[in-house]
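Chemist: First the structure, then my questions, so here it is.
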Amino acid sequence: MNISLTFKNELLVKISRFIDKNIFLFILAILSFTSLFAFLYYSDNNLSLSYNDARSHLDIGRRVVEGLKPGLAQIGSVWLPLPHVLMIPTIWNDYMWHSGLAGAIQSMVSFVATGSLIYMFLRKVGVNLIGSIFGVFVFATNINILYLQSTAMTELLLLATMTAGVYELVMWHRNDNTLSLIKSSFWIMLATLVRYDGWFLLLVAMILVMIQAFRKKGFKAAEGTTFFFLTLASFGIVLWLLWNLLIFKDPLYFAFGPYSAHAQQAQLDQAGVLATKNDLFLSLKIYTYALAYNSYAFSLVIALIGFIVFIKDKSIAASVRIGSLALLAPFFFNILALYLGHSVLFIQGVSGDTWFNARYGVMLLPTTSIFIGYLVHKLRVYRYLIIGLILFMTIFVYSTGDAVTIDDARVGSSQKNVSEVSGWLEKNAKATPGFVLISAASHDAIIFSSGLPMKKFIHEGTGTYWTAATTSPDRWARWIIMRTNDDNDLTFRSIKKTVGFKKYDKVASYPFADIYEIKPEFVSQLETKPVLPKQR
């Protein structure tokens with residue numbers, strides 16, 4: 001009897017050790033399979049390229065390796081560079097470009113990394129196996145996350161780098177290990193090269209590092225530790241300022257240039273649709289709705305309770321609880337950006353009659369997943385009730401296909417129906433010699449969707465070709481794509497007063513853009529091959 005009991009206990013111990021040793025690999029495998037399955041599903045259903053921004057990101061990467069003026073300068077200044085730099089090894093392949101996989105692959109890897117970091121974070125703060133696995137489950141089964149990780153959008157890469165940065169920051173708060181602080185600064189540096197949310201995280205992390213060092217070692221140590229942290233963490237921002245200075249002759253070109261978010265928001269402000277600007281309550285309300293649509297209201301409530309319990313939990317070191325406040329950085333950043341008018345977010349039925357940038361609500365999903373996992377661990381009496389209710393909610397979401405990010409991509413302002421224009425180009429220009437004059441800033445989705453090679457297009461990134469074509473379009477452009485009488489379209493603004501523009505007929509007009517083709521009698525005067533000297 002005793003031998004049998006001893007054997008059972010030893011077996012249970014061995015099983016427990018086996019699980020502890022291999023569970024992380026199992027989680028990696030499940031996350032990887034889930035990521036691949038989601039990409040195949042959304043790709044097969046023609047959804048992975050629904051966001052016009054996804055197509056623009058892919059085009060930026062492609063222009064680095066192919067076009068009339070290829071090179072790193074094609075990265076430009078509109079978006080931060082890391083997502084496009086990561087595309088370079090694969091974007092040269094037509095399939096990787098047009099399937100979107102060159103951009104989606106980094107989102108997929110980021111999905112797996114973020115899920116793994118959630119598990120590691122929870123285990124490090126003492127959450128049991130059930131709570132840790134459930135935290136990963138909340139993140140990995142969110143339909144909005146699964147969709148975005150199947151696209152060439154930048155949200156997942158940002159989530160991975162930010163979560164890694166916060167994880168290492170908390171580990172530094174926990175063990176005062178300098179290596180953890182260096183790792184945190186490295187990941188936050190990468191986050192600052194993905195999206196400007198990372199810049200705000202850098203500010204929050206700097207303050208937390210300063211507070212922690214001051215609490216433990218005093219002012220002098222706090223000063224030195226903070227500068228040590230910033231040396232690497234701010235390196236990406238310094239590089240970006242230097243890039244803008246060297247390429248565009250203005251270190252703040254990305255912030256105030258003609259293609260910047262500031263310029264776009266100024267247009268929206270003039271149109272009277274930037275309602276959140278200078279309205280803190282509305283900014284809070286709109287972003288809370290975005291969170292609820294992406295993470296679901298019940299999960300948000302559970303996560304909020306989990307956060308409150310976590311902050312009050314004296315069994316967790318005060319330094320760890322303080323460091324974990326960095327998890328809230330995306331919440332405050334988005335509200336501040338809306339309030340200052342640096343961001344725009346439409347929630348259908350709440351602000352405006354459409355969706356726009358509703359996906360910003362996913363930025364807090366790792367945070368909600370962590371605090372839900374923690375609460376499942378902490379409230380043992382209600383553990384299975386919480387798990388059951390969230391499982392029921394998840395099943396309901398999947399049964400209805402309720403994904404605000406897909407709505408945002410397919411029917412919101414983030415999509416533009418460019419199929420008529422791109423279809424016309426594919427049919428009429430693919431096999432015909434000649435260049436297409438077009439503004440990439442306004443019509444990148446058309447360029448991508450046309451299926452034409454990048455070297456077929458003359459746009460503002462092609463240097464002397466653009467200068468020559470906008471001065472004498474009839475010498476260079478067989479076709480012109482633009483929004484007629486719209487000065488926001490750089491092509492129209494550049495050629496509207498040229499003599500050569502009179503030599504074109506409008507051959508097609510669509511809601512998003514018009515198509516002009518040079519009159520037959522002037523075709524013989526056209527340059528149809530890249531004859532200008534190679535540009536630097």
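Lettering and numbering for the structure tokens are positional, with chains as A, B, ... in the shown order, residues counted from 1 in each chain, and ligands counted from 1 in the shown order.
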Can you list, as a compact mmCIF listing (two decimals) with N, CA and C atoms, in the first residue's frame, every protein, DNA or RNA residue that comes within 9 Å of range 457-459 of chain A when you count only C-alpha atoms, leaving out same-chain residues fewer than 2 positions away?

Modeler:
```txt
# COMPACT_ATOMS: atom_id res chain seq x y z
N GLY A 67 12.75 49.42 -58.71
CA GLY A 67 12.10 50.64 -59.13
C GLY A 67 13.05 51.50 -59.94
N LEU A 68 12.63 52.72 -60.27
CA LEU A 68 13.46 53.63 -61.04
C LEU A 68 14.58 54.24 -60.20
N PHE A 435 5.42 54.70 -68.95
CA PHE A 435 5.42 54.90 -67.50
C PHE A 435 4.06 55.42 -67.03
N VAL A 436 3.78 55.15 -65.74
CA VAL A 436 2.59 55.67 -65.08
C VAL A 436 3.04 56.74 -64.11
N LEU A 437 2.52 57.96 -64.25
CA LEU A 437 2.82 59.05 -63.31
C LEU A 437 1.77 59.03 -62.21
N ILE A 438 2.22 58.93 -60.96
CA ILE A 438 1.28 58.76 -59.85
C ILE A 438 1.96 59.21 -58.56
N SER A 439 1.19 59.68 -57.61
CA SER A 439 1.73 60.03 -56.29
C SER A 439 1.62 58.81 -55.38
N ALA A 440 2.76 58.31 -54.93
CA ALA A 440 2.75 57.16 -54.02
C ALA A 440 2.12 57.53 -52.68
N ALA A 441 2.29 58.78 -52.26
CA ALA A 441 1.72 59.21 -50.98
C ALA A 441 0.20 59.08 -50.97
N ILE A 447 -0.79 51.28 -56.75
CA ILE A 447 0.47 50.73 -57.26
C ILE A 447 0.59 49.25 -56.91
N LEU A 452 1.63 45.64 -61.48
CA LEU A 452 2.69 46.10 -62.37
C LEU A 452 4.02 46.19 -61.60
N PRO A 453 5.14 46.01 -62.30
CA PRO A 453 6.43 46.14 -61.62
C PRO A 453 6.64 47.57 -61.13
N MET A 454 7.41 47.74 -60.06
CA MET A 454 7.62 49.05 -59.47
C MET A 454 8.31 50.00 -60.44
N LYS A 455 9.14 49.47 -61.33
CA LYS A 455 9.87 50.33 -62.27
C LYS A 455 8.95 50.91 -63.35
N GLY A 461 9.18 59.60 -55.21
CA GLY A 461 10.41 58.99 -54.71
C GLY A 461 11.39 58.62 -55.81
N THR A 462 11.09 58.96 -57.05
CA THR A 462 11.97 58.56 -58.16
C THR A 462 12.91 59.68 -58.61
N GLY A 463 13.04 60.72 -57.80
CA GLY A 463 14.05 61.74 -58.03
C GLY A 463 13.90 62.49 -59.34
N TYR A 465 13.38 61.50 -62.31
CA TYR A 465 12.25 61.07 -63.15
C TYR A 465 10.99 61.85 -62.78
N TRP A 466 10.76 62.00 -61.47
CA TRP A 466 9.59 62.75 -61.01
C TRP A 466 9.70 64.23 -61.43
N ALA A 469 9.09 64.40 -65.19
CA ALA A 469 7.72 64.04 -65.58
C ALA A 469 6.71 65.08 -65.14
N TRP A 476 7.19 61.90 -70.62
CA TRP A 476 7.53 60.74 -69.79
C TRP A 476 6.36 59.85 -69.43
N ALA A 477 5.18 60.39 -69.28
CA ALA A 477 4.07 59.61 -68.74
C ALA A 477 3.07 59.23 -69.82
N THR A 491 0.41 64.85 -57.61
CA THR A 491 0.52 64.80 -59.06
C THR A 491 -0.30 65.91 -59.71
```

Chemist: When you look at Ile370 in chain A with a cut-off of 8 Å (counting only C-alpha atoms), what residues show up, excluding the ones that are within fewer than 2 positions of it in the same chain? I need them as an mmCIF file with N, CA and C atoms, in the first residue's frame.

Modeler:
```
data_model
loop_
_atom_site.group_PDB
_atom_site.id
_atom_site.type_symbol
_atom_site.label_atom_id
_atom_site.label_comp_id
_atom_site.auth_asym_id
_atom_site.auth_seq_id
_atom_site.Cartn_x
_atom_site.Cartn_y
_atom_site.Cartn_z
ATOM 1 N N ILE A 118 4.188 36.921 -22.482
ATOM 2 C CA ILE A 118 3.095 36.970 -21.500
ATOM 3 C C ILE A 118 3.236 35.816 -20.514
ATOM 4 N N PHE A 121 6.313 36.465 -18.263
ATOM 5 C CA PHE A 121 6.033 37.525 -17.297
ATOM 6 C C PHE A 121 5.221 36.979 -16.131
ATOM 7 N N LEU A 122 4.153 36.271 -16.444
ATOM 8 C CA LEU A 122 3.279 35.751 -15.393
ATOM 9 C C LEU A 122 4.011 34.764 -14.488
ATOM 10 N N SER A 132 -1.005 31.341 -15.881
ATOM 11 C CA SER A 132 -0.053 31.735 -16.933
ATOM 12 C C SER A 132 -0.525 31.275 -18.304
ATOM 13 N N GLY A 135 -3.551 33.303 -19.403
ATOM 14 C CA GLY A 135 -3.165 34.628 -19.895
ATOM 15 C C GLY A 135 -2.746 34.570 -21.352
ATOM 16 N N VAL A 136 -1.959 33.545 -21.707
ATOM 17 C CA VAL A 136 -1.561 33.356 -23.108
ATOM 18 C C VAL A 136 -2.788 33.068 -23.970
ATOM 19 N N ALA A 303 -9.741 42.439 -16.385
ATOM 20 C CA ALA A 303 -8.352 42.906 -16.376
ATOM 21 C C ALA A 303 -8.176 44.077 -15.408
ATOM 22 N N PRO A 366 -1.799 42.705 -24.572
ATOM 23 C CA PRO A 366 -0.868 41.987 -23.697
ATOM 24 C C PRO A 366 -1.068 42.352 -22.226
ATOM 25 N N THR A 367 -1.365 43.627 -21.960
ATOM 26 C CA THR A 367 -1.589 44.079 -20.588
ATOM 27 C C THR A 367 -2.828 43.430 -19.996
ATOM 28 N N THR A 368 -3.938 43.442 -20.739
ATOM 29 C CA THR A 368 -5.171 42.824 -20.227
ATOM 30 C C THR A 368 -4.985 41.325 -20.054
ATOM 31 N N ILE A 372 -5.509 39.442 -16.469
ATOM 32 C CA ILE A 372 -6.529 38.387 -16.397
ATOM 33 C C ILE A 372 -5.889 37.086 -15.904
ATOM 34 N N GLY A 373 -4.723 36.748 -16.463
ATOM 35 C CA GLY A 373 -4.008 35.559 -16.009
ATOM 36 C C GLY A 373 -3.657 35.635 -14.534
ATOM 37 N N TYR A 374 -3.243 36.826 -14.093
ATOM 38 C CA TYR A 374 -2.919 37.018 -12.677
ATOM 39 C C TYR A 374 -4.153 36.818 -11.809
#
```

Chemist: Using only C-alpha atoms, which of A:Arg63, A:Tyr516, A:Asp197, A:Ser449 sits nearest Gly100 in chain A?

Modeler: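 When distances to Gly100 in chain A are compared using only C-alpha atoms, the smallest one comes from A:Ser449.
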
Chemist: For each of A:Phe371, A:Phe33, A:Phe139, A:Phe356, take the minimum atom-to-atom distance to Phe310 in chain A, counting only C-alpha atoms, then give the residue where this is smallest.

Modeler: A:Phe371

Chemist: Using only C-alpha atoms, which of A:Ser319, A:Asn177, A:Gln264, A:Ser234 sits nearest Trp199 in chain A?

Modeler: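 Under the stated criterion, the closest residue is A:Ser234.
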
Chemist: Tell me, as a VMD selection string, which residues lie within 12 Å of Ile133 in chain A, counting only C-alpha atoms; anything in the same chain fewer than 3 positions away does not count.

Modeler: chain A and resid 20 23 to 24 26 to 28 30 to 31 115 to 123 127 to 130 136 to 141 369 to 370 372 to 374 376 to 377 387

Chemist: Do a neighbour search on Tyr504 in chain A at 8 Å with only C-alpha atoms, toss out local chain neighbours closer than 5 positions, and write the hits as a list in words.

Modeler: Asp474, Tyr516, Glu517, Ile518 and Lys519 of chain A

Chemist: Could you pull the residues within 12 Å of Val109 in chain A, counting only C-alpha atoms, minus those fewer than 3 positions along the same chain, as a ChimeraX atom specification?

Modeler: /A:28-29,31-36,39,86,101-106,112-116,149-152,156-161

Chemist: What does the structure give for the distance between CA of Gly323 in chain A and CA of Val204 in chain A, in Å to one decimal?

Modeler: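 So the two atoms, CA of Gly323 in chain A and CA of Val204 in chain A, lie 9.8 Å apart.
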